[in-house]
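A.B. asks: Can you keep this structure in mind? I'll have questions shortly.
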Amino acid sequence: MAIENDFTHFDERGGARMVNVGDKSDTKRVAVAAGRVLVNRTTFDLIRTGGVKKGDVLTVARVAGILAAKRTPELIPMCHPVAITGVEMDLRLNEEDLAVDITAETSCVGPTGVEMEALCAVSAAALTVYDMCKAVQRDMVIDDIRLLRKSGGQSGDFVRED
């Protein structure tokens, strides 16, 4: 049974495969992803004042995001190892929404993009916030993880409209 669609990670029989990027040109590629962790007032105040017993939540989550970006191919089966040239993590306390807002920007020069690395960075940072604060609050919500924009490569630029 032949599969005819735009999914590049399936062969003609519908089996999973890793796309060959060997013939693609190296280009500068950048991806930005975002997400958030919704917390209650007590947890928010503890993060802000440094009162979480496990340590500085935002700093540890920032480092976790960077590490996750570098280890993405070990987590996502069809991801190529990418020589990342930079990872920028931004974690901000959003008092109005009682949230930790997380943004990751990843960059490389290579034959494939770094969208998954940016998304993994945000995900790991959010999970780290949860892990560090779970003793205080178990009902935190990790929310709205999404790609905001990407540039470079054959498919061109993408900017989220919403």
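Labels for the structure tokens follow display order: chains A, B, ..., residues from 1 in each chain, ligands from 1.
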What parts of stretch 20-153 of chain A does DSSP call alpha helix (DSSP H)? I'd like the answer as number ranges by chain.

C.D. replies: A: 41-49, 57-70, 72-75, 115-133

A.B. asks: For stretch 90-103 of chain A, please output as a count of residues only all residues within 8 Å (counting only C-alpha atoms; exclusion window: fewer than 3 positions along the same chain).

C.D. replies: 17

A.B. asks: Can you list, as a list of chain:residue names, every protein, DNA or RNA residue that comes within 8 Å of A:Leu147 when you count only C-alpha atoms, leaving out same-chain residues fewer than 2 positions away?

C.D. replies: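 Close residues of A:Leu147: A:Ala31, A:Val32, A:Ala33, A:Ala34, A:Glu115, A:Ala118, A:Leu119, A:Ile145, A:Arg149, A:Lys150, A:Arg160.
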
A.B. asks: Got a sec: who's within 9 Å of A:Val57, counting only C-alpha atoms, leaving out chain neighbours fewer than 3 positions off, as JSON, numbers by chain?

C.D. replies: {"A": [47, 48, 50, 52, 54, 60, 61, 62, 128, 129, 132, 133]}

A.B. asks: Could you take the residues named above and write them with N, CA, C and O atoms, as a PDB file, in the first residue's frame?

C.D. replies:
ATOM      1  N   ILE A  47       8.875  31.245  43.629  1.00  0.00           N
ATOM      2  CA  ILE A  47       9.826  31.345  42.517  1.00  0.00           C
ATOM      3  C   ILE A  47      10.456  32.737  42.510  1.00  0.00           C
ATOM      4  O   ILE A  47      11.677  32.887  42.410  1.00  0.00           O
ATOM      5  N   ARG A  48       9.622  33.767  42.646  1.00  0.00           N
ATOM      6  CA  ARG A  48      10.109  35.151  42.590  1.00  0.00           C
ATOM      7  C   ARG A  48      11.079  35.466  43.723  1.00  0.00           C
ATOM      8  O   ARG A  48      12.082  36.144  43.518  1.00  0.00           O
ATOM      9  N   GLY A  50      12.873  33.293  45.493  1.00  0.00           N
ATOM     10  CA  GLY A  50      13.932  32.309  45.685  1.00  0.00           C
ATOM     11  C   GLY A  50      13.654  31.362  46.826  1.00  0.00           C
ATOM     12  O   GLY A  50      14.579  30.763  47.383  1.00  0.00           O
ATOM     13  N   VAL A  52      11.975  28.469  46.761  1.00  0.00           N
ATOM     14  CA  VAL A  52      11.789  27.062  46.413  1.00  0.00           C
ATOM     15  C   VAL A  52      12.987  26.281  46.940  1.00  0.00           C
ATOM     16  O   VAL A  52      14.137  26.621  46.655  1.00  0.00           O
ATOM     17  N   LYS A  54      14.429  23.516  46.251  1.00  0.00           N
ATOM     18  CA  LYS A  54      15.369  22.894  45.314  1.00  0.00           C
ATOM     19  C   LYS A  54      16.347  23.897  44.709  1.00  0.00           C
ATOM     20  O   LYS A  54      17.302  23.486  44.057  1.00  0.00           O
ATOM     21  N   VAL A  60      17.920  27.118  36.915  1.00  0.00           N
ATOM     22  CA  VAL A  60      18.011  25.683  36.645  1.00  0.00           C
ATOM     23  C   VAL A  60      17.204  25.324  35.395  1.00  0.00           C
ATOM     24  O   VAL A  60      17.663  24.543  34.546  1.00  0.00           O
ATOM     25  N   ALA A  61      16.024  25.903  35.240  1.00  0.00           N
ATOM     26  CA  ALA A  61      15.203  25.635  34.053  1.00  0.00           C
ATOM     27  C   ALA A  61      15.882  26.146  32.784  1.00  0.00           C
ATOM     28  O   ALA A  61      15.807  25.493  31.734  1.00  0.00           O
ATOM     29  N   ARG A  62      16.566  27.264  32.866  1.00  0.00           N
ATOM     30  CA  ARG A  62      17.305  27.802  31.716  1.00  0.00           C
ATOM     31  C   ARG A  62      18.383  26.807  31.281  1.00  0.00           C
ATOM     32  O   ARG A  62      18.525  26.499  30.100  1.00  0.00           O
ATOM     33  N   THR A 128      11.170  21.281  34.012  1.00  0.00           N
ATOM     34  CA  THR A 128      12.056  21.562  35.138  1.00  0.00           C
ATOM     35  C   THR A 128      11.376  22.487  36.142  1.00  0.00           C
ATOM     36  O   THR A 128      11.488  22.283  37.358  1.00  0.00           O
ATOM     37  N   VAL A 129      10.669  23.496  35.650  1.00  0.00           N
ATOM     38  CA  VAL A 129       9.895  24.353  36.555  1.00  0.00           C
ATOM     39  C   VAL A 129       8.926  23.475  37.350  1.00  0.00           C
ATOM     40  O   VAL A 129       8.827  23.593  38.576  1.00  0.00           O
ATOM     41  N   MET A 132      10.785  21.306  39.975  1.00  0.00           N
ATOM     42  CA  MET A 132      11.326  22.049  41.106  1.00  0.00           C
ATOM     43  C   MET A 132      10.238  22.562  42.047  1.00  0.00           C
ATOM     44  O   MET A 132      10.503  22.804  43.221  1.00  0.00           O
ATOM     45  N   CYS A 133       9.025  22.713  41.535  1.00  0.00           N
ATOM     46  CA  CYS A 133       7.938  23.294  42.333  1.00  0.00           C
ATOM     47  C   CYS A 133       6.869  22.289  42.751  1.00  0.00           C
ATOM     48  O   CYS A 133       5.929  22.648  43.470  1.00  0.00           O
TER      49      CYS A 133
END

A.B. asks: Within 12 Å of A:Gln154, counting only C-alpha atoms, which residues show up once you throw out same-chain ones fewer than 6 positions away? Write them as an MDAnalysis selection string, please.

C.D. replies: chainID A and resid 21 23:29 110:113

A.B. asks: Would you mind telling me which residue in A:Thr42, A:Ser155, A:Thr106, A:Asn20 lies nearest to A:Ala135 when using only C-alpha atoms?

C.D. replies: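 Smallest separation from A:Ala135 among the options: A:Thr42.
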
A.B. asks: Could you tell me, as a ChimeraX atom specification, which residues of stretch 75-125 of chain A DSSP assigns to strand (DSSP E) when given the backbone?

C.D. replies: /A:84-94,99-110

A.B. asks: Take the residues from that selection and put them in a file with C-alpha atoms, as a PDB file, in the first residue's frame.

C.D. replies:
ATOM      1  CA  ILE A  84      23.959  23.986  17.299  1.00  0.00           C
ATOM      2  CA  THR A  85      25.742  27.333  17.218  1.00  0.00           C
ATOM      3  CA  GLY A  86      23.605  28.973  19.877  1.00  0.00           C
ATOM      4  CA  VAL A  87      20.761  28.555  22.355  1.00  0.00           C
ATOM      5  CA  GLU A  88      19.173  31.551  24.052  1.00  0.00           C
ATOM      6  CA  MET A  89      16.687  30.882  26.834  1.00  0.00           C
ATOM      7  CA  ASP A  90      14.414  33.531  28.299  1.00  0.00           C
ATOM      8  CA  LEU A  91      12.304  32.732  31.363  1.00  0.00           C
ATOM      9  CA  ARG A  92      10.130  35.501  32.750  1.00  0.00           C
ATOM     10  CA  LEU A  93       7.668  35.708  35.563  1.00  0.00           C
ATOM     11  CA  ASN A  94       4.298  36.903  34.293  1.00  0.00           C
ATOM     12  CA  ALA A  99       2.909  32.054  34.805  1.00  0.00           C
ATOM     13  CA  VAL A 100       6.501  31.384  33.943  1.00  0.00           C
ATOM     14  CA  ASP A 101       6.789  32.392  30.279  1.00  0.00           C
ATOM     15  CA  ILE A 102       9.541  30.534  28.428  1.00  0.00           C
ATOM     16  CA  THR A 103      11.161  31.341  25.090  1.00  0.00           C
ATOM     17  CA  ALA A 104      13.997  29.486  23.381  1.00  0.00           C
ATOM     18  CA  GLU A 105      15.954  30.543  20.305  1.00  0.00           C
ATOM     19  CA  THR A 106      18.193  27.978  18.650  1.00  0.00           C
ATOM     20  CA  SER A 107      20.545  28.485  15.733  1.00  0.00           C
ATOM     21  CA  CYS A 108      22.879  26.502  13.504  1.00  0.00           C
ATOM     22  CA  VAL A 109      24.518  26.468  10.107  1.00  0.00           C
ATOM     23  CA  GLY A 110      23.628  23.188   8.466  1.00  0.00           C
TER      24      GLY A 110
END
